[in-house]
$ cat coords_35.txt   # compact mmCIF, C-alpha atoms
# COMPACT_ATOMS: atom_id res chain seq x y z
CA MET A 1 0.00 0.00 0.00
CA GLN A 2 1.42 3.34 -1.03
CA THR A 3 -0.67 5.64 1.16
CA PRO A 4 -3.40 5.19 3.74
CA ILE A 5 -7.00 4.64 2.74
CA ILE A 6 -9.14 7.13 4.68
CA LEU A 7 -12.86 6.76 5.31
CA ILE A 8 -14.93 9.73 6.47
CA GLY A 9 -18.64 10.33 7.00
CA PRO A 10 -21.37 10.70 9.61
CA MET A 11 -22.09 8.33 12.49
CA CYS A 12 -23.38 4.90 11.47
CA ALA A 13 -22.28 5.33 7.84
CA GLY A 14 -20.31 2.07 8.02
CA LYS A 15 -16.78 3.50 8.13
CA THR A 16 -15.38 1.08 10.69
CA THR A 17 -17.17 -1.97 9.28
CA VAL A 18 -16.06 -1.23 5.72
CA GLY A 19 -12.58 -0.25 6.90
CA LYS A 20 -12.07 -3.63 8.58
CA LYS A 21 -13.17 -5.43 5.41
CA VAL A 22 -10.89 -3.37 3.15
CA ALA A 23 -7.94 -3.93 5.52
CA LYS A 24 -8.57 -7.67 5.66
CA LYS A 25 -8.88 -7.99 1.87
CA LEU A 26 -5.66 -6.02 1.36
CA ASN A 27 -3.87 -7.63 4.32
CA VAL A 28 -2.95 -4.26 5.86
CA PRO A 29 -3.56 -2.79 9.32
CA GLN A 30 -6.81 -0.99 10.15
CA CYS A 31 -7.08 1.86 12.63
CA SER A 32 -10.26 3.42 13.91
CA MET A 33 -9.87 7.03 15.06
CA ASP A 34 -12.48 6.46 17.76
CA GLU A 35 -10.12 3.93 19.38
CA VAL A 36 -7.02 6.16 19.47
CA ARG A 37 -8.30 9.73 19.51
CA PHE A 38 -8.09 10.47 23.24
CA SER A 39 -4.40 9.51 23.39
CA TYR A 40 -3.78 12.13 20.66
CA TYR A 41 -6.03 14.68 22.35
CA ARG A 42 -4.08 14.34 25.62
CA GLU A 43 -0.82 15.18 23.77
CA ILE A 44 -2.03 18.77 23.46
CA GLY A 45 -3.80 19.24 26.78
CA PHE A 46 -7.18 17.51 26.56
CA SER A 47 -8.70 16.90 29.97
CA LYS A 48 -11.71 14.73 30.85
CA GLU A 49 -12.36 17.04 33.80
CA THR A 50 -12.47 20.11 31.54
CA GLN A 51 -14.69 18.23 29.09
CA GLN A 52 -17.09 17.36 31.93
CA ASN A 53 -17.12 20.96 33.22
CA VAL A 54 -17.81 22.30 29.72
CA ARG A 55 -20.63 19.78 29.25
CA GLU A 56 -22.21 20.67 32.59
CA LYS A 57 -22.08 24.42 31.88
CA GLN A 58 -22.60 24.54 28.10
CA GLY A 59 -24.30 21.25 27.26
CA PHE A 60 -23.52 18.83 24.47
CA GLN A 61 -22.82 21.60 21.93
CA GLY A 62 -20.24 23.14 24.24
CA MET A 63 -18.50 19.80 24.63
CA TYR A 64 -18.54 19.34 20.85
CA ALA A 65 -16.89 22.75 20.41
CA TYR A 66 -14.28 21.85 23.07
CA TRP A 67 -13.32 18.74 21.05
CA LYS A 68 -12.76 20.49 17.70
CA PRO A 69 -9.11 21.67 18.07
CA PHE A 70 -8.22 18.24 19.46
CA GLU A 71 -9.94 16.53 16.53
CA ALA A 72 -7.96 18.59 14.00
CA TYR A 73 -4.73 17.67 15.76
CA ALA A 74 -5.71 13.98 15.86
CA VAL A 75 -6.16 13.95 12.06
CA LYS A 76 -2.54 15.03 11.63
CA ARG A 77 -1.28 12.56 14.24
CA ILE A 78 -3.10 9.48 12.98
CA LEU A 79 -1.74 10.07 9.48
CA GLU A 80 1.80 10.39 10.87
CA GLU A 81 1.46 7.17 12.84
CA TYR A 82 -0.50 4.99 10.39
CA LYS A 83 1.10 5.62 7.00
CA HIS A 84 0.14 2.26 5.48
CA ALA A 85 -3.26 1.40 6.91
CA VAL A 86 -6.97 1.74 6.43
CA ILE A 87 -8.10 4.58 8.71
CA ASP A 88 -11.69 5.34 9.59
CA PHE A 89 -12.25 8.77 11.11
CA GLY A 90 -14.73 9.55 13.82
CA ALA A 91 -17.71 11.43 12.40
CA GLY A 92 -16.54 14.79 13.76
CA HIS A 93 -12.96 14.52 12.56
CA SER A 94 -13.90 15.71 9.08
CA VAL A 95 -16.47 18.41 9.96
CA TYR A 96 -15.32 21.87 11.07
CA GLU A 97 -17.33 25.02 11.61
CA ASP A 98 -14.18 27.05 12.32
CA MET A 99 -12.58 27.94 8.97
CA GLY A 100 -9.06 27.95 10.45
CA LEU A 101 -9.43 24.40 11.74
CA PHE A 102 -11.06 23.30 8.49
CA GLN A 103 -8.19 24.72 6.44
CA GLN A 104 -5.67 23.03 8.72
CA VAL A 105 -7.36 19.63 8.17
CA GLU A 106 -7.85 20.31 4.46
CA LYS A 107 -4.11 20.99 4.09
CA THR A 108 -3.26 17.83 6.05
CA LEU A 109 -5.54 15.67 3.87
CA LYS A 110 -4.73 17.26 0.50
CA PRO A 111 -1.98 14.78 -0.50
CA TYR A 112 -4.15 11.72 0.14
CA GLN A 113 -6.04 10.51 -2.92
CA SER A 114 -7.65 7.47 -1.27
CA LEU A 115 -10.07 9.53 0.82
CA PHE A 116 -13.65 8.25 0.66
CA LEU A 117 -16.85 9.75 2.01
CA LEU A 118 -19.41 7.07 2.87
CA LEU A 119 -23.07 8.13 2.78
CA PRO A 120 -26.21 6.05 2.37
CA SER A 121 -27.60 8.21 -0.43
CA ALA A 122 -26.95 11.26 -2.61
CA ASP A 123 -30.22 12.61 -1.17
CA LYS A 124 -29.27 14.21 2.14
CA GLU A 125 -32.74 13.80 3.67
CA GLU A 126 -32.77 10.11 2.79
CA SER A 127 -29.28 9.73 4.29
CA ILE A 128 -30.41 11.46 7.50
CA GLN A 129 -33.44 9.15 7.79
CA LEU A 130 -31.44 5.96 7.16
CA LEU A 131 -28.70 6.98 9.58
CA HIS A 132 -31.31 7.97 12.18
CA GLN A 133 -32.76 4.44 11.98
CA ARG A 134 -29.31 2.95 12.54
CA LEU A 135 -28.57 5.31 15.44
CA GLN A 136 -31.83 4.42 17.16
CA LYS A 137 -30.41 0.93 17.71
CA ILE A 138 -27.62 2.35 19.89
CA THR A 139 -28.97 5.58 21.46
CA ASP A 140 -32.06 7.69 22.03
CA ASP A 141 -30.05 10.87 22.67
CA LYS A 142 -31.64 13.70 20.65
CA ASP A 143 -28.36 15.67 20.71
CA VAL A 144 -26.65 12.80 18.90
CA PHE A 145 -29.38 12.69 16.23
CA GLU A 146 -29.08 16.45 15.66
CA LEU A 147 -25.30 16.28 15.54
CA ASN A 148 -25.40 13.49 12.96
CA LYS A 149 -27.84 15.50 10.85
CA HIS A 150 -25.29 18.32 11.03
CA PHE A 151 -22.55 15.92 9.88
CA VAL A 152 -24.64 14.98 6.81
CA THR A 153 -25.60 18.52 5.83
CA HIS A 154 -22.35 20.39 6.61
CA PRO A 155 -20.17 20.90 3.48
CA SER A 156 -16.84 19.85 5.10
CA ASN A 157 -17.07 16.14 4.22
CA GLU A 158 -17.85 16.81 0.57
CA MET A 159 -15.06 19.38 0.35
CA LEU A 160 -12.49 16.98 1.82
CA ALA A 161 -13.48 13.75 0.07
CA LYS A 162 -11.79 12.71 -3.15
CA GLN A 163 -14.60 10.21 -3.85
CA THR A 164 -18.05 9.58 -2.42
CA ILE A 165 -19.56 6.12 -2.20
CA TYR A 166 -23.30 5.77 -1.67
CA THR A 167 -23.93 2.66 0.37
CA LYS A 168 -27.72 2.24 0.43
CA GLU A 169 -28.69 -1.35 -0.36
CA LYS A 170 -25.01 -2.36 -0.68
CA SER A 171 -23.31 -4.82 1.64
CA ALA A 172 -20.14 -3.80 3.45
CA ASP A 173 -18.27 -6.31 1.26
CA THR A 174 -19.58 -4.63 -1.90
CA VAL A 175 -18.53 -1.19 -0.64
CA ALA A 176 -15.10 -2.57 0.30
CA GLU A 177 -14.67 -4.01 -3.21
CA GLU A 178 -15.68 -0.67 -4.72
CA ILE A 179 -12.97 1.07 -2.69
CA ILE A 180 -10.35 -1.53 -3.63
CA LEU A 181 -11.17 -1.23 -7.32
CA SER A 182 -10.97 2.54 -7.09
CA ILE A 183 -7.53 2.57 -5.47
CA SER A 184 -5.97 -0.15 -7.60
CA LYS A 185 -5.04 2.42 -10.26
CA GLU A 186 -3.16 4.53 -7.71
CA TRP A 187 -1.24 1.53 -6.38
CA LYS A 188 -0.07 0.56 -9.86
CA LYS A 189 1.75 3.88 -10.26
$ encode --input "coords_35.txt" --output "structure tokens"
Amino acid sequence: MQTPIILIGPMCAGKTTVGKKVAKKLNVPQCSMDEVRFSYYREIGFSKETQQNVREKQGFQGMYAYWKPFEAYAVKRILEEYKHAVIDFGAGHSVYEDMGLFQQVEKTLKPYQSLFLLLPSADKEESIQLLHQRLQKITDDKDVFELNKHFVTHPSNEMLAKQTIYTKEKSADTVAEEIILSISKEWKK
């Protein structure tokens, strides 16, 4: 593998599931940002206590805002550490409201051609509905549903992605094969 394969998208889009399948088929490591992110966050001063205080005083949205600089840093760090792997980002790691943070992440991701956005459908409302159904199996937190809607509708993912794969009615194996076919040209260079 020449460069990492990066999967971005909202919660429950299938990034981790597809990432594991791609990694297995290519016999390369797989890394999920959600598993390593807090170790990166702590490198630049993240504190669970501060996170809890922010959440208590400012609610879920305040906590989300507290995470953003740490998320941008984690994008840089995971790409330094996992140069030859399949990497699935957490849903927030590719969505930035702050233009400075977005530009920082955009610059970091620019050299990577194997960067795929996974969405159920080209129709944003349909994607939101399908993802909402999946999320209901794991949470009933209204803040999480609203945040995921934000992840679908915010332009960051589309601006960062080199390719978008619509996954509705496709198995994870089919999506993995689509990714592998897409990158095979790059690997032959």
$ closest_residue --input "coords_35.txt" --among "A:Ile44, A:Thr50, A:Ala85, A:Leu118" --to "A:Ala176" --atoms "all atoms listed in the file"
A:Leu118
$ residues_around --input "coords_35.txt" --residues "A:Thr167" --least-positions-apart "6" --cutoff "8 Å" --atoms "only C-alpha atoms" --output "list in words"
Leu118, Leu119, Pro120, Ser121 and Val175 of chain A
$ atom_distance --input "coords_35.txt" --atom1 "atom CA of A:Ser127" --atom2 "atom CA of A:Met33"
22.4 Å
$ closest_residue --input "coords_35.txt" --among "A:Lys57, A:His84, A:Lys168, A:Lys68" --to "A:Leu101" --atoms "all atoms listed in the file"
A:Lys68
$ atom_distance --input "coords_35.txt" --atom1 "atom CA of A:Thr164" --atom2 "atom CA of A:Gln129"
18.5 Å
$ closest_residue --input "coords_35.txt" --among "A:Gln103, A:Asn157, A:Ser32, A:Thr17" --to "A:Ala172" --atoms "only C-alpha atoms"
A:Thr17
$ atom_distance --input "coords_35.txt" --atom1 "atom CA of A:Ile138" --atom2 "atom CA of A:Pro29"
26.8 Å
$ closest_residue --input "coords_35.txt" --among "A:Ala72, A:Val86, A:Leu115, A:Ile5" --to "A:Gly100" --atoms "only C-alpha atoms"
A:Ala72
$ closest_residue --input "coords_35.txt" --among "A:Asn27, A:Thr16, A:Thr108, A:Ser156" --to "A:Ser94" --atoms "all atoms listed in the file"
A:Ser156
$ closest_residue --input "coords_35.txt" --among "A:Lys162, A:Lys170, A:Lys137, A:His132" --to "A:Leu117" --atoms "all atoms listed in the file"
A:Lys162
$ residues_around --input "coords_35.txt" --residues "A:Pro4" --least-positions-apart "4" --cutoff "12 Å" --atoms "only C-alpha atoms" --output "list in words"
Gly19, Val22, Ala23, Leu26, Val28, Pro29, Gln30, Cys31, Ile78, Leu79, Glu80, Glu81, Tyr82, Lys83, His84, Ala85, Val86, Ile87, Asp88, Leu109, Pro111, Tyr112, Gln113, Ser114, Leu115, Phe116, Ile183, Glu186 and Trp187 of chain A
$ residues_around --input "coords_35.txt" --residues "A:Ile128" --least-positions-apart "4" --cutoff "12 Å" --atoms "only C-alpha atoms" --output "list in words"
Gly9, Pro10, Met11, Cys12, Ala13, Leu119, Pro120, Ser121, Ala122, Asp123, Lys124, His132, Gln133, Arg134, Leu135, Phe145, Glu146, Leu147, Asn148, Lys149, His150, Phe151, Val152, Thr153 and Lys168 of chain A
$ residues_around --input "coords_35.txt" --residues "A:Lys25" --least-positions-apart "4" --cutoff "10 Å" --atoms "all atoms listed in the file" --output "JSON, numbers by chain"
{"A": [19, 20, 21, 173, 176, 177, 180]}
$ residues_around --input "coords_35.txt" --residues "A:Tyr73" --least-positions-apart "2" --cutoff "9 Å" --atoms "all atoms listed in the file" --output "ChimeraX atom specification"
/A:40-41,44,68-71,75-78,104-105
